[in-house]
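Asker: Okay, handing you the structure first.
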Amino acid sequence: MDAAPDRPLISSRSLTERGLQLVTERHLATLSTVGPRGDLHVVAVGFTYVDGVVRIITSGGSQKVRNVERDHRATVAQVSGPEWLSIAGRAVVERDPQSVDLAVRLYAERYRQPRENPSRVVIRIHPERVLGSAGMWSTTSARS
């Protein structure tokens with residue numbers, strides 16, 4: 001399986017129809033952040049990718065939130081059989097009710113309605129780089 005070269009992911013238009021389908025089907029993924037000792041912290045997550053933004057809902061006191069607050073680098077990766085996609089970028093933690101409500105609604109559309117969680121926050125990743133199996137994104141840059 002040939003991987004397409006590492007490229008900037010400018011917008012959702014950069015993903016092919018199959019790439020968009022992969023990030024909307026019900027698949028779990030992994031979130032990798034930098035742990036407190038500089039090692040990778042990798043956990044299973046559900047995520048959404050809408051309007052060029054990755055969103056992950058989680059509890060405010062989780063290790064992944066503490067990691068993002070200390071070091072903004074994060075990567076979400078999803079595998080489905082021979083197809084895979086890895087989206088890396090700068091992550092921020094959002095706590096405002098509007099951002100949390102949007103992320104919960106998007107999560108419910110892709111997976112299921114999450115349980116109530118008064119300490120819920122959103123990890124939002126602004127994609128900067130993408131790797132994936134061939135055919136996941138357009139070879140034409142969205143900047144052209």
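Numbering starts fresh at 1 for the residues of each chain in the structure tokens, the chains themselves are lettered A, B, ... in the order given, and ligands are numbered from 1 as they appear.
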Show which residues sit within 9 Å of His41 of chain A, as a JSON list (two decimals) with C-alpha atoms, in the first residue's frame. Count only C-alpha atoms, and ignore same-chain residues fewer than 4 positions away.
Answerer:
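Writing done, so here's part_39.json:
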```
[["chain", "number", "residue", "atom", "x", "y", "z"],
["A", 31, "LEU", "CA", -5.30, 10.77, 19.74],
["A", 32, "SER", "CA", -1.58, 11.26, 20.33],
["A", 33, "THR", "CA", -0.35, 14.08, 22.52],
["A", 34, "VAL", "CA", 2.96, 14.78, 24.25],
["A", 35, "GLY", "CA", 2.98, 13.47, 27.82],
["A", 36, "PRO", "CA", 4.51, 15.20, 30.84],
["A", 63, "GLN", "CA", -4.48, 13.65, 30.87],
["A", 64, "LYS", "CA", -5.00, 14.49, 27.20],
["A", 67, "ASN", "CA", -1.07, 17.51, 27.71]]
```
Asker: Would you please give, as a ChimeraX atom specification, all residues of chain A that DSSP assigns to helix (DSSP H, G or I) based on the backbone?
Answerer: /A:12-14,17-22,63-70,97-110
Asker: Which residues are close to segment 108-120 of chain A, i.e. within 6 Å by only C-alpha atoms, leaving aside same-chain residues fewer than 2 positions away? Reply as a list in words.
Answerer: Arg26, Thr58, Ser59, Gly60, Arg105 and Leu106 of chain A
Asker: Rank nothing, just name the residue among A:Leu22, A:Arg124, A:Gly46, A:Asp101 nearest to Ser80 of chain A, using only C-alpha atoms.
Answerer: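 Counting only C-alpha atoms, the residue closest to Ser80 of chain A is A:Leu22.
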Asker: Pick the closest to Glu83 of chain A from A:Glu17, A:Ser138, A:Leu28, A:Gly132: which is it, counting only C-alpha atoms?
Answerer: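 Smallest separation from Glu83 of chain A among the options: A:Gly132.
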Asker: Could you check the closest approach to Val76 of chain A for each of A:Ala29, A:Leu20, A:Ala91, A:Ala134 and tell me which residue wins, using only C-alpha atoms?
Answerer: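 Residue with the minimum atom-to-atom distance to Val76 of chain A: A:Ala29.
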Asker: From the list A:Thr48, A:Ser133, A:Ser86, A:Thr24, which residue is nearest Ala103 of chain A when using only C-alpha atoms?
Answerer: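 Closest to Ala103 of chain A, using only C-alpha atoms: A:Thr48.
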